[in-house]
file data26.cif (mmCIF, C-alpha atoms and all ligand atoms)
data_query
#
loop_
_atom_site.label_atom_id
_atom_site.label_comp_id
_atom_site.auth_asym_id
_atom_site.auth_seq_id
_atom_site.Cartn_x
_atom_site.Cartn_y
_atom_site.Cartn_z
CA MET A 1 0.00 0.00 0.00
CA GLN A 2 1.29 3.40 -0.75
CA LYS A 3 -0.45 6.64 -0.27
CA THR A 4 -3.08 5.92 2.32
CA HIS A 5 -0.37 4.77 4.75
CA ASN A 6 0.98 8.28 4.93
CA THR A 7 -2.13 10.25 4.30
CA THR A 8 -5.15 10.52 6.52
CA PHE A 9 -8.53 9.53 5.24
CA ASP A 10 -9.50 13.21 5.39
CA ASP A 11 -6.77 14.01 2.87
CA LEU A 12 -7.97 11.18 0.70
CA ALA A 13 -11.56 12.49 0.87
CA GLU A 14 -10.29 15.91 -0.23
CA LYS A 15 -8.43 14.34 -3.15
CA ILE A 16 -11.62 12.52 -4.18
CA ASN A 17 -13.63 15.78 -3.91
CA LEU A 18 -11.18 17.61 -6.20
CA ARG A 19 -11.17 14.81 -8.75
CA LEU A 20 -14.98 14.63 -8.76
CA GLU A 21 -15.13 18.36 -9.50
CA ASP A 22 -12.58 18.06 -12.34
CA LEU A 23 -14.49 15.15 -13.88
CA ILE A 24 -17.72 17.17 -13.88
CA ASP A 25 -15.96 20.25 -15.29
CA ASP A 26 -14.64 18.09 -18.15
CA VAL A 27 -18.22 17.73 -19.41
CA PHE A 28 -19.55 21.27 -19.16
CA SER A 29 -17.62 23.97 -21.00
CA GLU A 30 -19.99 26.81 -20.06
CA PRO A 31 -22.34 27.66 -17.16
CA ASP A 32 -25.15 25.13 -17.18
CA ILE A 33 -28.00 24.39 -14.77
CA LEU A 34 -27.37 20.63 -14.97
CA CYS A 35 -23.72 21.18 -14.05
CA GLU A 36 -24.72 23.38 -11.09
CA ALA A 37 -27.31 20.88 -9.87
CA VAL A 38 -24.94 17.91 -10.19
CA LYS A 39 -22.26 19.78 -8.23
CA TYR A 40 -24.80 20.82 -5.58
CA SER A 41 -25.34 17.17 -4.67
CA LEU A 42 -22.09 15.51 -5.65
CA LEU A 43 -19.74 18.02 -4.04
CA SER A 44 -21.68 18.52 -0.82
CA LYS A 45 -20.35 17.23 2.48
CA ALA A 46 -20.17 13.42 2.28
CA LYS A 47 -18.03 10.71 3.79
CA ARG A 48 -16.75 9.30 0.45
CA LEU A 49 -16.82 5.87 2.01
CA ARG A 50 -17.27 3.91 -1.21
CA PRO A 51 -14.44 5.56 -3.20
CA MET A 52 -12.19 5.11 -0.17
CA PHE A 53 -12.98 1.39 -0.26
CA VAL A 54 -12.03 1.25 -3.95
CA ILE A 55 -8.71 3.02 -3.34
CA ALA A 56 -7.84 1.10 -0.16
CA THR A 57 -8.65 -2.27 -1.78
CA ALA A 58 -6.63 -1.41 -4.89
CA ASN A 59 -3.77 -0.28 -2.63
CA ALA A 60 -3.74 -3.70 -0.98
CA PHE A 61 -2.74 -5.03 -4.41
CA ASN A 62 -0.17 -2.26 -4.95
CA VAL A 63 -2.31 -0.30 -7.40
CA LYS A 64 -1.47 3.40 -7.18
CA ASP A 65 -4.11 5.99 -6.31
CA ASN A 66 -3.76 7.74 -9.68
CA ILE A 67 -5.10 4.56 -11.34
CA SER A 68 -7.88 3.81 -8.84
CA ILE A 69 -9.22 7.33 -8.26
CA ASP A 70 -11.35 7.63 -11.41
CA PRO A 71 -13.05 4.24 -10.98
CA ALA A 72 -13.56 5.26 -7.33
CA CYS A 73 -15.24 8.51 -8.43
CA CYS A 74 -17.53 6.51 -10.74
CA ILE A 75 -18.94 4.60 -7.76
CA GLU A 76 -19.45 7.83 -5.81
CA MET A 77 -21.43 9.23 -8.76
CA ILE A 78 -23.74 6.21 -8.86
CA HIS A 79 -24.18 6.38 -5.09
CA THR A 80 -25.08 10.09 -5.33
CA TYR A 81 -27.59 9.41 -8.12
CA SER A 82 -29.27 6.83 -5.89
CA LEU A 83 -29.54 9.33 -3.03
CA ILE A 84 -30.99 12.06 -5.31
CA HIS A 85 -33.63 9.71 -6.73
CA ASP A 86 -34.33 8.16 -3.33
CA ASP A 87 -35.20 11.61 -1.93
CA LEU A 88 -37.76 12.40 -4.68
CA PRO A 89 -41.41 12.88 -3.69
CA SER A 90 -42.34 9.68 -5.55
CA MET A 91 -39.80 7.70 -3.54
CA ASP A 92 -38.87 8.54 0.09
CA ASP A 93 -39.87 12.20 -0.21
CA ASP A 94 -37.02 13.51 1.95
CA ASP A 95 -36.33 17.25 1.96
CA TYR A 96 -32.92 17.19 3.57
CA ARG A 97 -29.74 15.42 2.46
CA ARG A 98 -26.03 15.81 3.13
CA GLY A 99 -26.75 18.65 5.54
CA LYS A 100 -28.83 20.81 3.19
CA PRO A 101 -32.10 20.84 1.23
CA SER A 102 -32.41 17.85 -1.11
CA LEU A 103 -31.75 18.57 -4.76
CA HIS A 104 -35.43 18.57 -5.82
CA ILE A 105 -36.10 21.19 -3.11
CA ALA A 106 -33.13 23.39 -4.01
CA TYR A 107 -33.82 23.13 -7.78
CA SER A 108 -36.88 21.23 -9.03
CA GLU A 109 -38.05 17.68 -9.36
CA SER A 110 -37.28 17.51 -13.06
CA ILE A 111 -33.75 18.87 -12.59
CA ALA A 112 -33.18 16.37 -9.76
CA ILE A 113 -34.30 13.48 -11.98
CA LEU A 114 -32.01 14.64 -14.79
CA ALA A 115 -29.03 15.25 -12.49
CA GLY A 116 -29.54 11.70 -11.19
CA ASP A 117 -29.74 10.40 -14.76
CA PHE A 118 -26.48 12.16 -15.58
CA LEU A 119 -24.75 10.68 -12.52
CA LEU A 120 -25.99 7.23 -13.54
CA THR A 121 -24.76 7.39 -17.14
CA TYR A 122 -21.55 9.45 -16.99
CA PRO A 123 -19.61 6.84 -14.95
CA PHE A 124 -20.01 4.29 -17.75
CA GLU A 125 -18.54 6.75 -20.26
CA LEU A 126 -15.67 7.42 -17.85
CA LEU A 127 -14.98 3.71 -17.35
CA ALA A 128 -15.01 3.06 -21.09
CA ASN A 129 -12.49 5.87 -21.61
CA LEU A 130 -10.12 5.08 -18.70
CA GLU A 131 -6.45 5.35 -19.60
CA GLY A 132 -3.70 3.02 -18.39
CA ILE A 133 -6.11 0.11 -17.89
CA SER A 134 -6.48 -2.85 -20.26
CA PRO A 135 -9.72 -3.25 -22.31
CA GLU A 136 -10.41 -6.52 -20.44
CA LYS A 137 -10.28 -4.78 -17.07
CA LYS A 138 -12.43 -1.90 -18.31
CA LEU A 139 -15.03 -4.44 -19.44
CA GLN A 140 -14.97 -6.12 -16.04
CA LEU A 141 -15.43 -2.74 -14.32
CA VAL A 142 -18.36 -1.82 -16.59
CA LYS A 143 -20.03 -5.21 -16.10
CA THR A 144 -19.56 -5.06 -12.33
CA LEU A 145 -20.97 -1.54 -12.00
CA ALA A 146 -23.92 -2.30 -14.28
CA HIS A 147 -24.72 -5.46 -12.34
CA ARG A 148 -24.40 -3.99 -8.85
CA SER A 149 -26.44 -0.90 -9.69
CA GLY A 150 -28.97 -2.90 -11.72
CA GLY A 151 -32.34 -4.60 -11.45
CA ASN A 152 -31.26 -7.46 -9.25
CA GLU A 153 -29.14 -5.41 -6.87
CA LEU A 154 -29.41 -1.66 -6.01
CA ILE A 155 -32.72 -1.13 -7.82
CA LYS A 156 -34.10 -4.40 -6.45
CA GLY A 157 -33.28 -3.21 -2.91
CA GLN A 158 -35.15 0.01 -3.54
CA ILE A 159 -38.15 -1.93 -4.90
CA ILE A 160 -38.26 -4.14 -1.79
CA ASP A 161 -38.00 -0.99 0.34
CA LEU A 162 -40.77 0.91 -1.44
CA THR A 163 -43.17 -2.03 -1.66
CA SER A 164 -42.79 -2.99 1.98
CA GLU A 165 -43.72 0.31 3.63
CA GLY A 166 -46.14 -0.28 6.49
CA LYS A 167 -45.56 -4.04 6.43
CA ASN A 168 -43.87 -6.26 9.01
CA LEU A 169 -40.95 -7.88 7.24
CA SER A 170 -39.11 -10.98 8.39
CA GLN A 171 -35.48 -10.58 9.46
CA THR A 172 -34.48 -12.54 6.35
CA LEU A 173 -36.30 -10.12 4.04
CA ILE A 174 -34.90 -7.06 5.86
CA GLU A 175 -31.39 -8.48 5.46
CA LYS A 176 -32.06 -9.13 1.78
CA MET A 177 -33.27 -5.54 1.31
CA HIS A 178 -30.20 -4.15 3.10
CA ARG A 179 -27.89 -6.45 1.13
CA LYS A 180 -29.38 -5.19 -2.14
CA LYS A 181 -29.94 -1.54 -1.29
CA THR A 182 -26.91 -0.70 0.80
CA ALA A 183 -24.32 -3.44 0.42
CA SER A 184 -24.42 -3.49 -3.39
CA MET A 185 -22.37 -0.30 -3.87
CA ILE A 186 -19.94 -1.20 -1.05
CA LEU A 187 -19.53 -4.63 -2.63
CA ALA A 188 -18.93 -2.99 -6.01
CA SER A 189 -16.22 -0.83 -4.41
CA LEU A 190 -14.30 -3.84 -3.12
CA GLU A 191 -14.80 -5.62 -6.43
CA PHE A 192 -13.42 -2.58 -8.28
CA GLY A 193 -10.27 -2.71 -6.11
CA ALA A 194 -9.96 -6.46 -6.76
CA ILE A 195 -10.34 -6.03 -10.53
CA LEU A 196 -7.80 -3.20 -10.67
CA GLY A 197 -5.39 -5.26 -8.55
CA ASP A 198 -5.75 -8.53 -10.46
CA ALA A 199 -6.90 -10.34 -7.33
CA THR A 200 -7.18 -14.12 -7.49
CA GLN A 201 -10.66 -15.68 -7.57
CA HIS A 202 -10.17 -16.76 -3.94
CA GLU A 203 -9.30 -13.19 -2.92
CA ARG A 204 -12.30 -11.84 -4.85
CA ASN A 205 -14.62 -14.26 -3.06
CA ILE A 206 -13.29 -13.09 0.31
CA LEU A 207 -13.58 -9.41 -0.63
CA GLN A 208 -17.17 -9.96 -1.78
CA LYS A 209 -18.03 -11.54 1.55
CA ILE A 210 -16.45 -8.58 3.35
CA GLY A 211 -18.45 -6.18 1.16
CA GLU A 212 -21.67 -7.96 2.14
CA PHE A 213 -20.82 -7.98 5.86
CA VAL A 214 -19.67 -4.34 5.92
CA GLY A 215 -22.66 -3.20 3.85
CA LEU A 216 -25.15 -4.97 6.11
CA ALA A 217 -23.47 -3.67 9.27
CA PHE A 218 -23.39 -0.15 7.82
CA GLN A 219 -27.13 -0.23 7.14
CA ILE A 220 -27.92 -1.67 10.59
CA GLN A 221 -25.85 1.20 12.05
CA ASP A 222 -27.86 3.63 9.86
CA ASP A 223 -31.11 2.09 11.18
CA ILE A 224 -29.92 2.61 14.77
CA LEU A 225 -28.72 6.18 14.10
CA ASP A 226 -32.12 6.99 12.58
CA VAL A 227 -33.65 6.24 15.99
CA THR A 228 -30.95 7.66 18.27
CA SER A 229 -29.61 10.77 16.46
CA SER A 230 -30.78 14.25 15.54
CA THR A 231 -31.42 15.57 12.04
CA ASP A 232 -28.52 18.03 12.49
CA SER A 233 -25.98 15.37 13.34
CA LEU A 234 -27.22 13.04 10.56
CA GLY A 235 -27.45 15.66 7.82
CA LYS A 236 -30.74 13.98 6.78
CA PRO A 237 -34.09 13.65 8.54
CA ALA A 238 -33.96 11.65 11.78
CA LYS A 239 -36.78 9.23 12.71
CA SER A 240 -37.64 9.04 9.01
CA ASP A 241 -37.92 5.22 9.08
CA MET A 242 -40.61 5.45 11.74
CA ILE A 243 -42.40 8.31 9.97
CA ASN A 244 -42.31 6.43 6.65
CA LYS A 245 -43.38 3.19 8.40
CA LYS A 246 -40.26 1.37 7.24
CA ALA A 247 -39.35 -2.06 8.48
CA THR A 248 -35.79 -1.79 9.79
CA TYR A 249 -33.37 -4.08 11.55
CA VAL A 250 -34.08 -2.22 14.78
CA SER A 251 -37.87 -2.53 14.48
CA CYS A 252 -37.43 -6.24 13.78
CA VAL A 253 -34.91 -7.44 16.39
CA GLY A 254 -34.56 -4.50 18.80
CA ILE A 255 -31.67 -2.11 19.33
CA ASP A 256 -29.52 -4.33 21.59
CA GLU A 257 -29.51 -7.27 19.20
CA ALA A 258 -28.89 -4.87 16.30
CA ARG A 259 -25.79 -3.51 18.09
CA LEU A 260 -24.52 -7.04 18.73
CA HIS A 261 -25.01 -7.93 15.08
CA ILE A 262 -22.90 -4.97 13.95
CA LYS A 263 -20.10 -6.05 16.30
CA ASP A 264 -20.24 -9.59 14.95
CA LEU A 265 -20.26 -8.51 11.28
CA LYS A 266 -17.37 -6.11 11.88
CA GLN A 267 -15.26 -8.81 13.57
CA LYS A 268 -16.02 -11.30 10.80
CA SER A 269 -14.92 -8.70 8.22
CA ILE A 270 -11.66 -8.01 10.06
CA ASN A 271 -10.94 -11.75 10.36
CA LEU A 272 -11.56 -12.23 6.64
CA LEU A 273 -9.31 -9.27 5.80
CA ARG A 274 -6.52 -10.80 7.89
CA SER A 275 -6.90 -14.08 6.01
CA ILE A 276 -5.80 -12.41 2.77
CA ASP A 277 -2.06 -12.49 2.24
CA ARG A 278 -1.89 -8.84 1.16
CA ASN A 279 -1.29 -5.57 2.94
CA THR A 280 -4.86 -4.95 4.05
CA ASN A 281 -3.99 -2.53 6.89
CA ASP A 282 -5.71 0.44 5.26
CA LEU A 283 -8.85 -1.58 4.66
CA GLU A 284 -8.81 -2.69 8.27
CA ILE A 285 -8.43 0.91 9.48
CA LEU A 286 -11.31 1.93 7.21
CA VAL A 287 -13.58 -0.80 8.61
CA GLU A 288 -12.62 0.20 12.18
CA LYS A 289 -13.27 3.88 11.41
CA LEU A 290 -16.65 3.09 9.89
CA PHE A 291 -17.85 1.36 13.04
CA SER A 292 -16.05 3.52 15.60
CA LYS A 293 -19.16 5.65 16.26
CA LYS A 294 -20.97 4.78 19.46
CA VAL A 295 -24.48 3.91 18.30
C1 LIG A 301 -32.98 5.15 -6.31
C2 LIG A 301 -32.29 2.98 -7.42
C3 LIG A 301 -32.35 3.82 -6.24
C4 LIG A 301 -31.81 3.35 -5.11
C5 LIG A 301 -31.75 4.07 -3.88
C6 LIG A 301 -29.07 4.11 -1.77
C7 LIG A 301 -30.54 4.05 -1.82
C8 LIG A 301 -31.20 3.20 -2.83
C9 LIG A 301 -31.27 4.80 -1.01
C10 LIG A 301 -30.70 5.78 -0.08
C11 LIG A 301 -31.34 5.74 1.24
C12 LIG A 301 -30.59 4.89 2.20
C13 LIG A 301 -30.93 5.02 3.64
C14 LIG A 301 -29.69 4.07 1.80
C15 LIG A 301 -28.92 3.25 2.64
C16 LIG A 301 -27.52 3.49 2.39
C17 LIG A 301 -27.04 4.67 3.10
C18 LIG A 301 -26.87 4.58 4.57
C19 LIG A 301 -26.79 5.72 2.38
C20 LIG A 301 -26.11 6.90 2.86
O1 LIG A 301 -24.75 6.66 2.62
P1 LIG A 301 -23.64 7.46 3.39
O2 LIG A 301 -23.94 7.45 4.86
O3 LIG A 301 -23.92 8.94 2.85
O4 LIG A 301 -22.31 6.96 2.96
P2 LIG A 301 -22.92 10.06 2.29
O5 LIG A 301 -23.80 11.27 2.16
O6 LIG A 301 -21.81 10.27 3.31
O7 LIG A 301 -22.41 9.58 0.99
#
call {"tool": "encode", "arguments": {"input": "data26.cif", "output": "structure tokens"}}
result
Amino acid sequence: MQKTHNTTFDDLAEKINLRLEDLIDDVFSEPDILCEAVKYSLLSKAKRLRPMFVIATANAFNVKDNISIDPACCIEMIHTYSLIHDDLPSMDDDDYRRGKPSLHIAYSESIAILAGDFLLTYPFELLANLEGISPEKKLQLVKTLAHRSGGNELIKGQIIDLTSEGKNLSQTLIEKMHRKKTASMILASLEFGAILGDATQHERNILQKIGEFVGLAFQIQDDILDVTSSTDSLGKPAKSDMINKKATYVSCVGIDEARLHIKDLKQKSINLLRSIDRNTNDLEILVEKLFSKKV
């Protein structure tokens, strides 16, 4: 691993922010409402968790940040599109996101839909045009991103979510929804790192398992924070799951068991990381950091 050993994750987030802005500026040569709207959402305060997972995983296989940063930005764009569309009145109807009014409130519903559409399509153009990466790897990246953001993964998770409002879901179905809705982009991030780093099939299988565990634990933590935190500290509406009558991990098994499950998933992820014969220190630090909040 190179850079992230010496740099803090805050520095890495700043590097990602700058690259995201450059990639958007590459498209728009003059002032444009779509450009403004995209930047409003994409460049607002966010953790950049998924791109950090791409870069840290690639680093474990000695891939330099200058190669992994654009694929990492592609995943952040897809993630941001999903948040913009999720907030729309026809979906979760949330007015507040990333610490400020949601995009459809700040602009309009049609601009928010189109900004989301742009953030869904542009990453595929970027991946197809990547430099310094073989055509075979580009194809694997495109296929992975299309699959993980597609009808049997991210979109499927959203469908389960929207069609189950007001219903009591089984723990199995809640876990399936979380796996599809939340883990899919985290999984894609680890898979991107593995593709860039030419990981073996065995390593890929382990990284996929870690992506599933981390994604599920992250969503359970989000379910707990929705109950225990304020809107200000979350940067999005608190208690929204209850208001929207959503089945969550907390409503299903209770807060204490939910906390125990996070601990278990985190430990399993760390153990799996340590089973890979690569320098996975950065990934381990990232997993620790993700679950360091007292929830
Ligand atoms: C619209 C197809 C479609 C899918 C939407 C991602 C999603 C599916 C909905 C967003 C709502 C939600 C609660 C998702 C769970 C994942 C999650 C906790 C998202 C927020 O991710 P963070 O915390 O946010 O990484 P930042 O703003 O830091 O990027």
call {"tool": "closest_atom_pairs", "arguments": {"input": "data26.cif", "of": "stretch 72-138 of chain A", "to": "stretch 192-200 of chain A", "cutoff": "12 Å", "atoms": "only C-alpha atoms", "output": "Markdown table"}}
result
| residue | atom | partner | partner_atom | distance |
| --- | --- | --- | --- | --- |
| A:Ala72 | CA | A:Phe192 | CA | 7.9 |
| A:Cys73 | CA | A:Phe192 | CA | 11.2 |
| A:Cys74 | CA | A:Phe192 | CA | 10.3 |
| A:Ile75 | CA | A:Phe192 | CA | 9.1 |
| A:Leu127 | CA | A:Phe192 | CA | 11.1 |
| A:Leu130 | CA | A:Leu196 | CA | 11.8 |
| A:Gly132 | CA | A:Leu196 | CA | 10.7 |
| A:Ile133 | CA | A:Leu196 | CA | 8.1 |
| A:Ser134 | CA | A:Leu196 | CA | 9.7 |
| A:Pro135 | CA | A:Leu196 | CA | 11.8 |
| A:Glu136 | CA | A:Ile195 | CA | 9.9 |
| A:Lys137 | CA | A:Ile195 | CA | 6.7 |
| A:Lys138 | CA | A:Leu196 | CA | 9.0 |
call {"tool": "write_last_selection", "arguments": {"input": "data26.cif", "atoms": "C-alpha atoms", "output": "PDB file, in the coordinates of the input"}}
result
ATOM      1  CA  ALA A  72     -13.560   5.260  -7.330  1.00  0.00           C
ATOM      2  CA  CYS A  73     -15.240   8.510  -8.430  1.00  0.00           C
ATOM      3  CA  CYS A  74     -17.530   6.510 -10.740  1.00  0.00           C
ATOM      4  CA  ILE A  75     -18.940   4.600  -7.760  1.00  0.00           C
ATOM      5  CA  LEU A 127     -14.980   3.710 -17.350  1.00  0.00           C
ATOM      6  CA  LEU A 130     -10.120   5.080 -18.700  1.00  0.00           C
ATOM      7  CA  GLY A 132      -3.700   3.020 -18.390  1.00  0.00           C
ATOM      8  CA  ILE A 133      -6.110   0.110 -17.890  1.00  0.00           C
ATOM      9  CA  SER A 134      -6.480  -2.850 -20.260  1.00  0.00           C
ATOM     10  CA  PRO A 135      -9.720  -3.250 -22.310  1.00  0.00           C
ATOM     11  CA  GLU A 136     -10.410  -6.520 -20.440  1.00  0.00           C
ATOM     12  CA  LYS A 137     -10.280  -4.780 -17.070  1.00  0.00           C
ATOM     13  CA  LYS A 138     -12.430  -1.900 -18.310  1.00  0.00           C
TER      14      LYS A 138
END
call {"tool": "closest_residue", "arguments": {"input": "data26.cif", "among": "A:Thr144, A:Ser184, A:Gln219, A:Ser108", "to": "ligand LIG 301 (chain A)", "atoms": "all atoms listed in the file"}}
result
A:Gln219
call {"tool": "atom_distance", "arguments": {"input": "data26.cif", "atom1": "atom CA of A:Ile155", "atom2": "atom CA of A:Leu114"}}
result
17.3 Å
call {"tool": "closest_residue", "arguments": {"input": "data26.cif", "among": "A:Leu190, A:Ile206, A:Ile224, A:Cys35", "to": "ligand LIG 301 (chain A)", "atoms": "all atoms listed in the file"}}
result
A:Ile224
call {"tool": "closest_residue", "arguments": {"input": "data26.cif", "among": "A:Leu207, A:Ile55, A:Ala46, A:Ile105", "to": "ligand LIG 301 (chain A)", "atoms": "all atoms listed in the file"}}
result
A:Ala46
call {"tool": "residues_near_ligand", "arguments": {"input": "data26.cif", "ligand": "ligand LIG 301 (chain A)", "cutoff": "9 Å", "atoms": "all atoms listed in the file", "output": "ChimeraX atom specification"}}
result
/A:42,44-50,76,79-88,91-92,97-99,116,149-151,153-159,161,178,180-183,185,215,218-223,234-236,241
call {"tool": "atom_distance", "arguments": {"input": "data26.cif", "atom1": "atom CA of A:Arg274", "atom2": "atom CA of A:Glu203"}}
result
11.4 Å
call {"tool": "atom_distance", "arguments": {"input": "data26.cif", "atom1": "atom CA of A:Arg204", "atom2": "atom CA of A:Glu288"}}
result
20.9 Å
call {"tool": "closest_residue", "arguments": {"input": "data26.cif", "among": "A:Arg19, A:Lys268, A:Arg148, A:Arg278", "to": "A:Ala58", "atoms": "all atoms listed in the file"}}
result
A:Arg278
call {"tool": "residues_around", "arguments": {"input": "data26.cif", "residues": "A:Ser292", "least_positions_apart": "2", "cutoff": "12 Å", "atoms": "only C-alpha atoms", "output": "PDB file with C-alpha atoms, in the frame of the given file"}}
result
ATOM      1  CA  PHE A 218     -23.390  -0.150   7.820  1.00  0.00           C
ATOM      2  CA  GLN A 221     -25.850   1.200  12.050  1.00  0.00           C
ATOM      3  CA  ILE A 262     -22.900  -4.970  13.950  1.00  0.00           C
ATOM      4  CA  LYS A 263     -20.100  -6.050  16.300  1.00  0.00           C
ATOM      5  CA  LYS A 266     -17.370  -6.110  11.880  1.00  0.00           C
ATOM      6  CA  ILE A 285      -8.430   0.910   9.480  1.00  0.00           C
ATOM      7  CA  LEU A 286     -11.310   1.930   7.210  1.00  0.00           C
ATOM      8  CA  VAL A 287     -13.580  -0.800   8.610  1.00  0.00           C
ATOM      9  CA  GLU A 288     -12.620   0.200  12.180  1.00  0.00           C
ATOM     10  CA  LYS A 289     -13.270   3.880  11.410  1.00  0.00           C
ATOM     11  CA  LEU A 290     -16.650   3.090   9.890  1.00  0.00           C
ATOM     12  CA  LYS A 294     -20.970   4.780  19.460  1.00  0.00           C
ATOM     13  CA  VAL A 295     -24.480   3.910  18.300  1.00  0.00           C
TER      14      VAL A 295
END
call {"tool": "closest_residue", "arguments": {"input": "data26.cif", "among": "A:Asp232, A:Glu165, A:Glu125, A:Glu257", "to": "A:Val142", "atoms": "only C-alpha atoms"}}
result
A:Glu125
call {"tool": "residues_near_point", "arguments": {"input": "data26.cif", "point": "(-9.7, 13.9, 1.3)", "cutoff": "12 Å", "atoms": "all atoms listed in the file", "output": "PyMOL selection string"}}
result
chain A and resi 3-4+7-20+45-49+51-52+55+69
call {"tool": "closest_residue", "arguments": {"input": "data26.cif", "among": "A:Tyr107, A:Phe61, A:Tyr96, A:Phe291", "to": "A:Tyr40", "atoms": "all atoms listed in the file"}}
result
A:Tyr107
call {"tool": "residues_around", "arguments": {"input": "data26.cif", "residues": "A:Leu169", "least_positions_apart": "6", "cutoff": "12 Å", "atoms": "all atoms listed in the file", "output": "number ranges by chain"}}
result
A: 160-161, 163, 175-177, 245-253
call {"tool": "axis_aligned_box", "arguments": {"input": "data26.cif", "around": "stretch 48-66 of chain A", "padding_each_side": "8 Å", "output": "lines of an AutoDock Vina configuration file"}}
result
center_x = -8.7
center_y = 2.1
center_z = -3.8
size_x = 33.1
size_y = 30.3
size_z = 27.7
call {"tool": "build_atoms", "arguments": {"input": "data26.cif", "residues": "stretch 259-273 of chain A", "atoms": "N, CA, C and O atoms", "output": "PDB file, keeping the file's coordinate frame"}}
result
ATOM      1  N   ARG A 259     -27.179  -3.899  17.751  1.00  0.00           N
ATOM      2  CA  ARG A 259     -25.790  -3.510  18.090  1.00  0.00           C
ATOM      3  C   ARG A 259     -24.856  -4.723  18.095  1.00  0.00           C
ATOM      4  O   ARG A 259     -23.740  -4.662  17.577  1.00  0.00           O
ATOM      5  N   LEU A 260     -25.343  -5.822  18.674  1.00  0.00           N
ATOM      6  CA  LEU A 260     -24.520  -7.040  18.730  1.00  0.00           C
ATOM      7  C   LEU A 260     -24.217  -7.558  17.321  1.00  0.00           C
ATOM      8  O   LEU A 260     -23.103  -8.028  17.030  1.00  0.00           O
ATOM      9  N   HIS A 261     -25.201  -7.430  16.444  1.00  0.00           N
ATOM     10  CA  HIS A 261     -25.010  -7.930  15.080  1.00  0.00           C
ATOM     11  C   HIS A 261     -23.947  -7.111  14.342  1.00  0.00           C
ATOM     12  O   HIS A 261     -23.143  -7.669  13.600  1.00  0.00           O
ATOM     13  N   ILE A 262     -23.936  -5.803  14.582  1.00  0.00           N
ATOM     14  CA  ILE A 262     -22.900  -4.970  13.950  1.00  0.00           C
ATOM     15  C   ILE A 262     -21.511  -5.430  14.404  1.00  0.00           C
ATOM     16  O   ILE A 262     -20.596  -5.605  13.604  1.00  0.00           O
ATOM     17  N   LYS A 263     -21.393  -5.645  15.730  1.00  0.00           N
ATOM     18  CA  LYS A 263     -20.100  -6.050  16.300  1.00  0.00           C
ATOM     19  C   LYS A 263     -19.621  -7.362  15.667  1.00  0.00           C
ATOM     20  O   LYS A 263     -18.457  -7.512  15.285  1.00  0.00           O
ATOM     21  N   ASP A 264     -20.564  -8.285  15.513  1.00  0.00           N
ATOM     22  CA  ASP A 264     -20.240  -9.590  14.950  1.00  0.00           C
ATOM     23  C   ASP A 264     -19.814  -9.473  13.474  1.00  0.00           C
ATOM     24  O   ASP A 264     -18.805 -10.045  13.055  1.00  0.00           O
ATOM     25  N   LEU A 265     -20.569  -8.681  12.711  1.00  0.00           N
ATOM     26  CA  LEU A 265     -20.260  -8.510  11.280  1.00  0.00           C
ATOM     27  C   LEU A 265     -18.911  -7.812  11.107  1.00  0.00           C
ATOM     28  O   LEU A 265     -18.128  -8.149  10.214  1.00  0.00           O
ATOM     29  N   LYS A 266     -18.653  -6.823  11.963  1.00  0.00           N
ATOM     30  CA  LYS A 266     -17.370  -6.110  11.880  1.00  0.00           C
ATOM     31  C   LYS A 266     -16.220  -7.070  12.155  1.00  0.00           C
ATOM     32  O   LYS A 266     -15.237  -7.109  11.412  1.00  0.00           O
ATOM     33  N   GLN A 267     -16.342  -7.890  13.217  1.00  0.00           N
ATOM     34  CA  GLN A 267     -15.260  -8.810  13.570  1.00  0.00           C
ATOM     35  C   GLN A 267     -15.044  -9.840  12.462  1.00  0.00           C
ATOM     36  O   GLN A 267     -13.908 -10.148  12.099  1.00  0.00           O
ATOM     37  N   LYS A 268     -16.153 -10.317  11.892  1.00  0.00           N
ATOM     38  CA  LYS A 268     -16.020 -11.300  10.800  1.00  0.00           C
ATOM     39  C   LYS A 268     -15.288 -10.664   9.613  1.00  0.00           C
ATOM     40  O   LYS A 268     -14.466 -11.301   8.956  1.00  0.00           O
ATOM     41  N   SER A 269     -15.583  -9.397   9.341  1.00  0.00           N
ATOM     42  CA  SER A 269     -14.920  -8.700   8.220  1.00  0.00           C
ATOM     43  C   SER A 269     -13.427  -8.559   8.476  1.00  0.00           C
ATOM     44  O   SER A 269     -12.605  -8.797   7.592  1.00  0.00           O
ATOM     45  N   ILE A 270     -13.084  -8.172   9.718  1.00  0.00           N
ATOM     46  CA  ILE A 270     -11.660  -8.010  10.060  1.00  0.00           C
ATOM     47  C   ILE A 270     -10.942  -9.358   9.938  1.00  0.00           C
ATOM     48  O   ILE A 270      -9.845  -9.445   9.367  1.00  0.00           O
ATOM     49  N   ASN A 271     -11.573 -10.418  10.434  1.00  0.00           N
ATOM     50  CA  ASN A 271     -10.940 -11.750  10.360  1.00  0.00           C
ATOM     51  C   ASN A 271     -10.707 -12.156   8.902  1.00  0.00           C
ATOM     52  O   ASN A 271      -9.654 -12.695   8.553  1.00  0.00           O
ATOM     53  N   LEU A 272     -11.711 -11.880   8.056  1.00  0.00           N
ATOM     54  CA  LEU A 272     -11.560 -12.230   6.640  1.00  0.00           C
ATOM     55  C   LEU A 272     -10.434 -11.414   6.006  1.00  0.00           C
ATOM     56  O   LEU A 272      -9.628 -11.938   5.227  1.00  0.00           O
ATOM     57  N   LEU A 273     -10.378 -10.117   6.361  1.00  0.00           N
ATOM     58  CA  LEU A 273      -9.310  -9.270   5.800  1.00  0.00           C
ATOM     59  C   LEU A 273      -7.939  -9.834   6.166  1.00  0.00           C
ATOM     60  O   LEU A 273      -7.020  -9.858   5.348  1.00  0.00           O
TER      61      LEU A 273
END
